[in-house]
file start34.json (JSON, C-alpha atoms and all ligand atoms)
[["chain", "number", "residue", "atom", "x", "y", "z"],
["A", 1267, "MET", "CA", 0.00, 0.00, 0.00],
["A", 1268, "ASN", "CA", 1.37, 3.38, -0.94],
["A", 1269, "ILE", "CA", 0.08, 6.24, 1.05],
["A", 1270, "HIS", "CA", 1.63, 9.58, 0.31],
["A", 1271, "GLN", "CA", 2.62, 11.46, 3.41],
["A", 1272, "THR", "CA", 1.34, 14.77, 2.09],
["A", 1273, "SER", "CA", -2.19, 13.54, 1.59],
["A", 1274, "LEU", "CA", -2.23, 12.29, 5.18],
["A", 1275, "LYS", "CA", -1.28, 15.60, 6.71],
["A", 1276, "PRO", "CA", -4.14, 16.44, 9.06],
["A", 1277, "GLU", "CA", -5.68, 19.84, 8.58],
["A", 1278, "ALA", "CA", -5.54, 22.23, 11.50],
["A", 1279, "SER", "CA", -8.82, 22.84, 13.15],
["A", 1280, "ASN", "CA", -9.82, 26.38, 14.07],
["A", 1281, "PHE", "CA", -10.24, 26.01, 17.81],
["A", 1282, "ASN", "CA", -7.53, 26.57, 20.38],
["A", 1283, "VAL", "CA", -6.30, 23.72, 22.51],
["A", 1284, "ASN", "CA", -4.66, 24.73, 25.77],
["A", 1285, "THR", "CA", -4.34, 21.42, 27.59],
["A", 1286, "GLY", "CA", -0.58, 21.24, 28.08],
["A", 1287, "LEU", "CA", 0.17, 19.56, 24.74],
["A", 1288, "SER", "CA", 2.24, 21.77, 22.45],
["A", 1289, "ASN", "CA", 0.95, 22.76, 19.02],
["A", 1290, "SER", "CA", 3.87, 21.04, 17.30],
["A", 1291, "TYR", "CA", 3.31, 17.82, 19.26],
["A", 1292, "ARG", "CA", -0.40, 17.82, 18.45],
["A", 1293, "GLU", "CA", 0.35, 18.35, 14.78],
["A", 1294, "ASN", "CA", 2.97, 15.59, 14.65],
["A", 1295, "ILE", "CA", 0.96, 13.02, 16.57],
["A", 1296, "SER", "CA", -2.16, 13.82, 14.52],
["A", 1297, "GLU", "CA", -0.19, 13.13, 11.37],
["A", 1298, "THR", "CA", 1.02, 9.81, 12.77],
["A", 1299, "LEU", "CA", -2.49, 8.93, 13.96],
["A", 1300, "SER", "CA", -3.75, 9.71, 10.46],
["A", 1301, "GLU", "CA", -1.31, 7.17, 9.03],
["A", 1302, "ILE", "CA", -2.50, 4.65, 11.63],
["A", 1303, "LEU", "CA", -6.08, 5.47, 10.66],
["A", 1304, "ALA", "CA", -5.36, 4.80, 6.99],
["A", 1305, "MET", "CA", -3.51, 1.57, 7.79],
["A", 1306, "SER", "CA", -6.39, 0.42, 10.00],
["A", 1307, "TYR", "CA", -8.88, 1.17, 7.23],
["A", 1308, "SER", "CA", -6.82, -0.74, 4.72],
["A", 1309, "LEU", "CA", -6.54, -3.72, 7.08],
["A", 1310, "THR", "CA", -10.31, -3.63, 7.69],
["A", 1311, "ILE", "CA", -10.98, -3.85, 3.97],
["A", 1312, "LYS", "CA", -8.34, -6.52, 3.39],
["A", 1313, "SER", "CA", -9.72, -8.64, 6.27],
["A", 1314, "GLN", "CA", -13.19, -8.39, 4.78],
["A", 1315, "ILE", "CA", -12.03, -9.31, 1.27],
["A", 1316, "TYR", "CA", -10.31, -12.42, 2.64],
["A", 1317, "HIS", "CA", -13.38, -13.20, 4.77],
["A", 1318, "TRP", "CA", -15.41, -13.36, 1.56],
["A", 1319, "ASN", "CA", -12.92, -15.06, -0.73],
["A", 1320, "VAL", "CA", -11.23, -17.74, 1.39],
["A", 1321, "VAL", "CA", -11.88, -21.32, 0.24],
["A", 1322, "GLY", "CA", -10.69, -24.78, 1.31],
["A", 1323, "PRO", "CA", -10.23, -26.62, 4.61],
["A", 1324, "LEU", "CA", -9.27, -23.40, 6.44],
["A", 1325, "PHE", "CA", -12.43, -21.64, 5.30],
["A", 1326, "LYS", "CA", -14.21, -21.63, 8.64],
["A", 1327, "PRO", "CA", -11.41, -20.43, 10.97],
["A", 1328, "ILE", "CA", -10.24, -17.73, 8.53],
["A", 1329, "HIS", "CA", -13.79, -16.68, 7.65],
["A", 1330, "GLU", "CA", -14.71, -16.31, 11.33],
["A", 1331, "LEU", "CA", -11.48, -14.73, 12.59],
["A", 1332, "THR", "CA", -11.37, -12.14, 9.80],
["A", 1333, "GLU", "CA", -14.95, -11.17, 10.65],
["A", 1334, "GLU", "CA", -13.98, -10.60, 14.29],
["A", 1335, "HIS", "CA", -11.02, -8.56, 13.12],
["A", 1336, "TYR", "CA", -12.79, -6.30, 10.65],
["A", 1337, "ASN", "CA", -15.54, -5.57, 13.18],
["A", 1338, "ASN", "CA", -12.94, -4.65, 15.80],
["A", 1339, "LEU", "CA", -10.95, -2.56, 13.31],
["A", 1340, "PHE", "CA", -14.01, -0.75, 12.05],
["A", 1341, "ALA", "CA", -14.92, 0.33, 15.58],
["A", 1342, "ALA", "CA", -11.31, 1.35, 16.26],
["A", 1343, "ILE", "CA", -11.16, 3.59, 13.20],
["A", 1344, "ASP", "CA", -13.83, 5.80, 14.74],
["A", 1345, "VAL", "CA", -11.96, 5.99, 18.05],
["A", 1346, "ILE", "CA", -8.68, 6.91, 16.31],
["A", 1347, "ALA", "CA", -10.34, 9.53, 14.11],
["A", 1348, "GLU", "CA", -12.08, 11.08, 17.09],
["A", 1349, "ARG", "CA", -8.80, 11.24, 19.00],
["A", 1350, "ILE", "CA", -7.35, 13.28, 16.12],
["A", 1351, "ARG", "CA", -10.33, 15.63, 16.43],
["A", 1352, "ALA", "CA", -9.86, 15.93, 20.20],
["A", 1353, "LEU", "CA", -6.21, 16.84, 19.57],
["A", 1354, "GLY", "CA", -7.51, 19.81, 17.58],
["A", 1355, "HIS", "CA", -7.04, 18.54, 14.04],
["A", 1356, "LEU", "CA", -9.28, 17.42, 11.24],
["A", 1357, "THR", "CA", -9.10, 13.87, 9.95],
["A", 1358, "PRO", "CA", -7.74, 13.53, 6.41],
["A", 1359, "MET", "CA", -10.61, 11.38, 5.20],
["A", 1360, "HIS", "CA", -10.94, 12.52, 1.62],
["A", 1361, "GLN", "CA", -12.34, 10.32, -1.11],
["A", 1362, "SER", "CA", -8.94, 10.23, -2.83],
["A", 1363, "LEU", "CA", -7.30, 8.86, 0.29],
["A", 1364, "VAL", "CA", -9.87, 6.10, 0.57],
["A", 1365, "SER", "CA", -9.13, 5.10, -3.04],
["A", 1366, "LYS", "CA", -5.43, 4.94, -2.21],
["A", 1367, "MET", "CA", -6.10, 2.82, 0.83],
["A", 1368, "ILE", "CA", -8.13, 0.24, -1.01],
["A", 1369, "GLY", "CA", -5.96, 0.29, -4.10],
["A", 1370, "ASN", "CA", -4.28, -3.00, -3.22],
["A", 1371, "ASP", "CA", -4.78, -5.29, -6.19],
["A", 1372, "GLU", "CA", -3.28, -8.33, -4.47],
["A", 1373, "ALA", "CA", -6.13, -8.52, -2.00],
["A", 1374, "GLY", "CA", -8.61, -9.21, -4.78],
["A", 1375, "ASP", "CA", -6.59, -11.95, -6.47],
["A", 1376, "GLU", "CA", -7.10, -15.62, -5.85],
["A", 1377, "ILE", "CA", -4.49, -16.47, -3.26],
["A", 1378, "THR", "CA", -4.07, -19.44, -0.95],
["A", 1379, "PRO", "CA", -5.39, -19.30, 2.61],
["A", 1380, "GLU", "CA", -1.79, -19.52, 3.87],
["A", 1381, "ALA", "CA", -0.81, -16.51, 1.75],
["A", 1382, "MET", "CA", -3.86, -14.63, 3.06],
["A", 1383, "ILE", "CA", -2.67, -15.27, 6.61],
["A", 1384, "GLU", "CA", 0.89, -14.16, 5.81],
["A", 1385, "ASP", "CA", -0.41, -11.01, 4.14],
["A", 1386, "LEU", "CA", -2.68, -10.19, 7.08],
["A", 1387, "VAL", "CA", 0.12, -10.86, 9.59],
["A", 1388, "SER", "CA", 2.48, -8.56, 7.73],
["A", 1389, "SER", "CA", -0.15, -5.76, 7.64],
["A", 1390, "HIS", "CA", -0.79, -6.18, 11.37],
["A", 1391, "GLU", "CA", 2.97, -6.06, 12.01],
["A", 1392, "GLU", "CA", 3.31, -2.89, 9.95],
["A", 1393, "VAL", "CA", 0.65, -1.06, 11.95],
["A", 1394, "ILE", "CA", 2.10, -2.39, 15.23],
["A", 1395, "ARG", "CA", 5.51, -0.88, 14.40],
["A", 1396, "LYS", "CA", 3.89, 2.46, 13.60],
["A", 1397, "MET", "CA", 1.84, 2.35, 16.83],
["A", 1398, "ARG", "CA", 4.82, 1.43, 18.97],
["A", 1399, "ASP", "CA", 6.73, 4.50, 17.71],
["A", 1400, "ALA", "CA", 3.65, 6.66, 18.28],
["A", 1401, "ILE", "CA", 3.25, 5.35, 21.85],
["A", 1402, "GLY", "CA", 6.85, 6.41, 22.50],
["A", 1403, "GLU", "CA", 6.17, 9.90, 21.15],
["A", 1404, "ALA", "CA", 2.94, 10.23, 23.13],
["A", 1405, "GLY", "CA", 4.73, 9.09, 26.31],
["A", 1406, "LYS", "CA", 7.43, 11.73, 25.92],
["A", 1407, "SER", "CA", 4.72, 14.43, 25.81],
["A", 1408, "SER", "CA", 2.64, 12.93, 28.65],
["A", 1409, "ASP", "CA", -0.23, 12.43, 26.21],
["A", 1410, "VAL", "CA", -1.56, 9.53, 28.25],
["A", 1411, "VAL", "CA", -4.90, 9.41, 26.44],
["A", 1412, "THR", "CA", -3.27, 8.71, 23.07],
["A", 1413, "GLU", "CA", -0.82, 6.36, 24.78],
["A", 1414, "ASP", "CA", -3.66, 4.36, 26.37],
["A", 1415, "MET", "CA", -5.68, 4.24, 23.17],
["A", 1416, "LEU", "CA", -2.73, 2.98, 21.15],
["A", 1417, "THR", "CA", -1.66, 0.50, 23.83],
["A", 1418, "GLU", "CA", -5.11, -1.06, 23.66],
["A", 1419, "ARG", "CA", -4.90, -1.17, 19.87],
["A", 1420, "LEU", "CA", -1.43, -2.72, 20.04],
["A", 1421, "ASN", "CA", -2.81, -5.47, 22.25],
["A", 1422, "PHE", "CA", -5.52, -6.22, 19.68],
["A", 1423, "HIS", "CA", -3.05, -6.39, 16.79],
["A", 1424, "GLU", "CA", -0.57, -8.61, 18.66],
["A", 1425, "GLN", "CA", -3.39, -11.00, 19.60],
["A", 1426, "ALA", "CA", -4.64, -10.95, 16.03],
["A", 1427, "ILE", "CA", -1.22, -12.09, 14.78],
["A", 1428, "TRP", "CA", -1.08, -14.90, 17.34],
["A", 1429, "MET", "CA", -4.53, -16.16, 16.32],
["A", 1430, "LEU", "CA", -3.89, -15.86, 12.59],
["A", 1431, "ARG", "CA", -0.60, -17.74, 12.89],
["A", 1432, "ALA", "CA", -2.20, -20.43, 15.06],
["A", 1433, "ILE", "CA", -4.51, -21.33, 12.18],
["A", 1434, "ILE", "CA", -1.61, -22.42, 9.99],
["A", 1435, "ALA", "CA", 0.78, -23.67, 12.71],
["A", 1436, "ASN", "CA", 1.94, -27.29, 12.33],
["B", 1, "FE", "FE", -19.76, -12.10, 6.37]]

call {"tool": "encode", "arguments": {"input": "start34.json", "output": "structure tokens"}}
result
Amino acid sequence: MNIHQTSLKPEASNFNVNTGLSNSYRENISETLSEILAMSYSLTIKSQIYHWNVVGPLFKPIHELTEEHYNNLFAAIDVIAERIRALGHLTPMHQSLVSKMIGNDEAGDEITPEAMIEDLVSSHEEVIRKMRDAIGEAGKSSDVVTEDMLTERLNFHEQAIWMLRAIIAN
């Protein structure tokens, strides 16, 4: 997935925030959260595409687990977007960004269940790395609300990887 940094830059909102978080911090973390938002959207869509298209002996576990995951991710997207708003920025949810996020041709191709799992795991890992960096940044600025939110999300993604891998473990 290619997401251009510039298109993810959150727009400044027009109200003042005087809660002890600097303007530059709020701008930077909102930009990072916007990337996490886009990655979470992309993973939601990918999980749903695999939920529909998986075939074979692993149909049931993959079909069911991906449904749990896209439901969780869909709810999380709203929480992440609303955190960006509470930090005083607008979410970069333009139509063009959505097209970029779902512009992953591989997800629509016929691929094996094992390859689906590997692809999902690698997307979860990618968002985990981004979140871990963001948690570090939030911690340095005592932004405990963002830290807590992302820690909870990190827990979900790490569990998701464990469960996905367990399906194809020997
Ligand atoms: Fe379904």

call {"tool": "closest_residue", "arguments": {"input": "start34.json", "among": "A:Ser1408, A:Thr1357, A:Ser1389, A:Thr1310", "to": "Phe1340 (chain A)", "atoms": "all atoms listed in the file"}}
result
A:Thr1310

call {"tool": "closest_atom_pairs", "arguments": {"input": "start34.json", "of": "chain A", "to": "ligand FE 1 (chain B)", "cutoff": "9 Å", "atoms": "only C-alpha atoms and all ligand atoms", "output": "CSV"}}
result
residue,atom,partner,partner_atom,distance
A:Gln1314,CA,B:FE1,FE,7.7
A:His1317,CA,B:FE1,FE,6.7
A:Trp1318,CA,B:FE1,FE,6.6
A:His1329,CA,B:FE1,FE,7.6
A:Glu1330,CA,B:FE1,FE,8.2
A:Glu1333,CA,B:FE1,FE,6.5

call {"tool": "atom_distance", "arguments": {"input": "start34.json", "atom1": "CA of Val1393 (chain A)", "atom2": "CA of Val1321 (chain A)"}}
result
26.5 Å

call {"tool": "atom_distance", "arguments": {"input": "start34.json", "atom1": "CA of Thr1285 (chain A)", "atom2": "CA of Lys1406 (chain A)"}}
result
15.3 Å

call {"tool": "closest_residue", "arguments": {"input": "start34.json", "among": "A:Leu1287, A:Leu1356, A:Asn1319, A:Glu1424", "to": "Val1411 (chain A)", "atoms": "only C-alpha atoms"}}
result
A:Leu1287

call {"tool": "closest_residue", "arguments": {"input": "start34.json", "among": "A:Ile1434, A:Ala1426, A:Ala1347, A:Leu1416", "to": "Ala1404 (chain A)", "atoms": "all atoms listed in the file"}}
result
A:Leu1416

call {"tool": "closest_residue", "arguments": {"input": "start34.json", "among": "A:Ile1401, A:Ile1346, A:Ala1432, A:Val1387", "to": "Leu1303 (chain A)", "atoms": "all atoms listed in the file"}}
result
A:Ile1346

call {"tool": "closest_residue", "arguments": {"input": "start34.json", "among": "A:Pro1379, A:Gly1354, A:Pro1327, A:Gly1322", "to": "Ile1295 (chain A)", "atoms": "only C-alpha atoms"}}
result
A:Gly1354

call {"tool": "atom_distance", "arguments": {"input": "start34.json", "atom1": "CA of Ser1306 (chain A)", "atom2": "CA of Thr1412 (chain A)"}}
result
15.8 Å

call {"tool": "closest_residue", "arguments": {"input": "start34.json", "among": "A:Leu1299, A:Ala1435, A:Ile1311, A:Met1429", "to": "Ala1352 (chain A)", "atoms": "all atoms listed in the file"}}
result
A:Leu1299

call {"tool": "residues_around", "arguments": {"input": "start34.json", "residues": "Thr1298 (chain A)", "least_positions_apart": "3", "cutoff": "8 Å", "atoms": "only C-alpha atoms", "output": "VMD selection string"}}
result
chain A and resid 1294 to 1295 1301 to 1302 1396 1400

call {"tool": "residues_around", "arguments": {"input": "start34.json", "residues": "Glu1392 (chain A)", "least_positions_apart": "4", "cutoff": "12 Å", "atoms": "all atoms listed in the file", "output": "MDAnalysis selection string"}}
result
chainID A and resid 1267 1301:1302 1304:1306 1308:1309 1385:1388 1396:1399 1420 1423:1424 1427

call {"tool": "residues_around", "arguments": {"input": "start34.json", "residues": "His1335 (chain A)", "least_positions_apart": "3", "cutoff": "8 Å", "atoms": "all atoms listed in the file", "output": "VMD selection string"}}
result
chain A and resid 1310 1313 1331 to 1332 1338 to 1339 1426

call {"tool": "write_last_selection", "arguments": {"input": "start34.json", "atoms": "C-alpha atoms", "output": "short mmCIF file (atom, residue, chain, number, x, y, z; two decimals), in the frame of the given file"}}
result
data_model
loop_
_atom_site.label_atom_id
_atom_site.label_comp_id
_atom_site.auth_asym_id
_atom_site.auth_seq_id
_atom_site.Cartn_x
_atom_site.Cartn_y
_atom_site.Cartn_z
CA THR A 1310 -10.31 -3.63 7.69
CA SER A 1313 -9.72 -8.64 6.27
CA LEU A 1331 -11.48 -14.73 12.59
CA THR A 1332 -11.37 -12.14 9.80
CA ASN A 1338 -12.94 -4.65 15.80
CA LEU A 1339 -10.95 -2.56 13.31
CA ALA A 1426 -4.64 -10.95 16.03
#

call {"tool": "residues_around", "arguments": {"input": "start34.json", "residues": "Leu1353 (chain A)", "least_positions_apart": "6", "cutoff": "8 Å", "atoms": "only C-alpha atoms", "output": "PDB file with C-alpha atoms, in the frame of the given file"}}
result
ATOM      1  CA  VAL A1283      -6.300  23.720  22.510  1.00  0.00           C
ATOM      2  CA  ARG A1292      -0.400  17.820  18.450  1.00  0.00           C
ATOM      3  CA  SER A1296      -2.160  13.820  14.520  1.00  0.00           C
TER       4      SER A1296
END

call {"tool": "build_atoms", "arguments": {"input": "start34.json", "residues": "region 1299-1318 of chain A", "atoms": "N, CA and C atoms", "output": "PDB file, in the coordinates of the input"}}
result
ATOM      1  N   LEU A1299      -1.200   9.606  13.735  1.00  0.00           N
ATOM      2  CA  LEU A1299      -2.490   8.930  13.960  1.00  0.00           C
ATOM      3  C   LEU A1299      -3.271   8.809  12.643  1.00  0.00           C
ATOM      4  N   SER A1300      -3.071   9.781  11.756  1.00  0.00           N
ATOM      5  CA  SER A1300      -3.750   9.710  10.460  1.00  0.00           C
ATOM      6  C   SER A1300      -3.191   8.562   9.619  1.00  0.00           C
ATOM      7  N   GLU A1301      -1.895   8.332   9.731  1.00  0.00           N
ATOM      8  CA  GLU A1301      -1.310   7.170   9.030  1.00  0.00           C
ATOM      9  C   GLU A1301      -1.855   5.881   9.626  1.00  0.00           C
ATOM     10  N   ILE A1302      -1.959   5.842  10.953  1.00  0.00           N
ATOM     11  CA  ILE A1302      -2.500   4.650  11.630  1.00  0.00           C
ATOM     12  C   ILE A1302      -3.963   4.440  11.222  1.00  0.00           C
ATOM     13  N   LEU A1303      -4.681   5.536  11.090  1.00  0.00           N
ATOM     14  CA  LEU A1303      -6.080   5.470  10.660  1.00  0.00           C
ATOM     15  C   LEU A1303      -6.182   4.845   9.259  1.00  0.00           C
ATOM     16  N   ALA A1304      -5.338   5.323   8.359  1.00  0.00           N
ATOM     17  CA  ALA A1304      -5.360   4.800   6.990  1.00  0.00           C
ATOM     18  C   ALA A1304      -4.952   3.326   6.957  1.00  0.00           C
ATOM     19  N   MET A1305      -3.941   2.972   7.740  1.00  0.00           N
ATOM     20  CA  MET A1305      -3.510   1.570   7.790  1.00  0.00           C
ATOM     21  C   MET A1305      -4.615   0.677   8.363  1.00  0.00           C
ATOM     22  N   SER A1306      -5.311   1.198   9.377  1.00  0.00           N
ATOM     23  CA  SER A1306      -6.390   0.420  10.000  1.00  0.00           C
ATOM     24  C   SER A1306      -7.547   0.239   9.021  1.00  0.00           C
ATOM     25  N   TYR A1307      -7.817   1.270   8.238  1.00  0.00           N
ATOM     26  CA  TYR A1307      -8.880   1.170   7.230  1.00  0.00           C
ATOM     27  C   TYR A1307      -8.520   0.121   6.182  1.00  0.00           C
ATOM     28  N   SER A1308      -7.289   0.194   5.737  1.00  0.00           N
ATOM     29  CA  SER A1308      -6.820  -0.740   4.720  1.00  0.00           C
ATOM     30  C   SER A1308      -6.892  -2.194   5.231  1.00  0.00           C
ATOM     31  N   LEU A1309      -6.504  -2.380   6.488  1.00  0.00           N
ATOM     32  CA  LEU A1309      -6.540  -3.720   7.080  1.00  0.00           C
ATOM     33  C   LEU A1309      -7.979  -4.204   7.276  1.00  0.00           C
ATOM     34  N   THR A1310      -8.880  -3.280   7.572  1.00  0.00           N
ATOM     35  CA  THR A1310     -10.310  -3.630   7.690  1.00  0.00           C
ATOM     36  C   THR A1310     -10.797  -4.197   6.352  1.00  0.00           C
ATOM     37  N   ILE A1311     -10.494  -3.463   5.300  1.00  0.00           N
ATOM     38  CA  ILE A1311     -10.980  -3.850   3.970  1.00  0.00           C
ATOM     39  C   ILE A1311     -10.337  -5.172   3.533  1.00  0.00           C
ATOM     40  N   LYS A1312      -9.038  -5.280   3.766  1.00  0.00           N
ATOM     41  CA  LYS A1312      -8.340  -6.520   3.390  1.00  0.00           C
ATOM     42  C   LYS A1312      -8.915  -7.722   4.157  1.00  0.00           C
ATOM     43  N   SER A1313      -9.164  -7.538   5.463  1.00  0.00           N
ATOM     44  CA  SER A1313      -9.720  -8.640   6.270  1.00  0.00           C
ATOM     45  C   SER A1313     -11.076  -9.053   5.725  1.00  0.00           C
ATOM     46  N   GLN A1314     -11.851  -8.061   5.286  1.00  0.00           N
ATOM     47  CA  GLN A1314     -13.190  -8.390   4.780  1.00  0.00           C
ATOM     48  C   GLN A1314     -13.101  -9.090   3.420  1.00  0.00           C
ATOM     49  N   ILE A1315     -12.186  -8.665   2.589  1.00  0.00           N
ATOM     50  CA  ILE A1315     -12.030  -9.310   1.270  1.00  0.00           C
ATOM     51  C   ILE A1315     -11.621 -10.785   1.454  1.00  0.00           C
ATOM     52  N   TYR A1316     -10.725 -11.025   2.393  1.00  0.00           N
ATOM     53  CA  TYR A1316     -10.310 -12.420   2.640  1.00  0.00           C
ATOM     54  C   TYR A1316     -11.442 -13.222   3.284  1.00  0.00           C
ATOM     55  N   HIS A1317     -12.197 -12.580   4.146  1.00  0.00           N
ATOM     56  CA  HIS A1317     -13.380 -13.200   4.770  1.00  0.00           C
ATOM     57  C   HIS A1317     -14.324 -13.730   3.681  1.00  0.00           C
ATOM     58  N   TRP A1318     -14.495 -12.952   2.629  1.00  0.00           N
ATOM     59  CA  TRP A1318     -15.410 -13.360   1.560  1.00  0.00           C
ATOM     60  C   TRP A1318     -14.786 -14.421   0.649  1.00  0.00           C
TER      61      TRP A1318
END
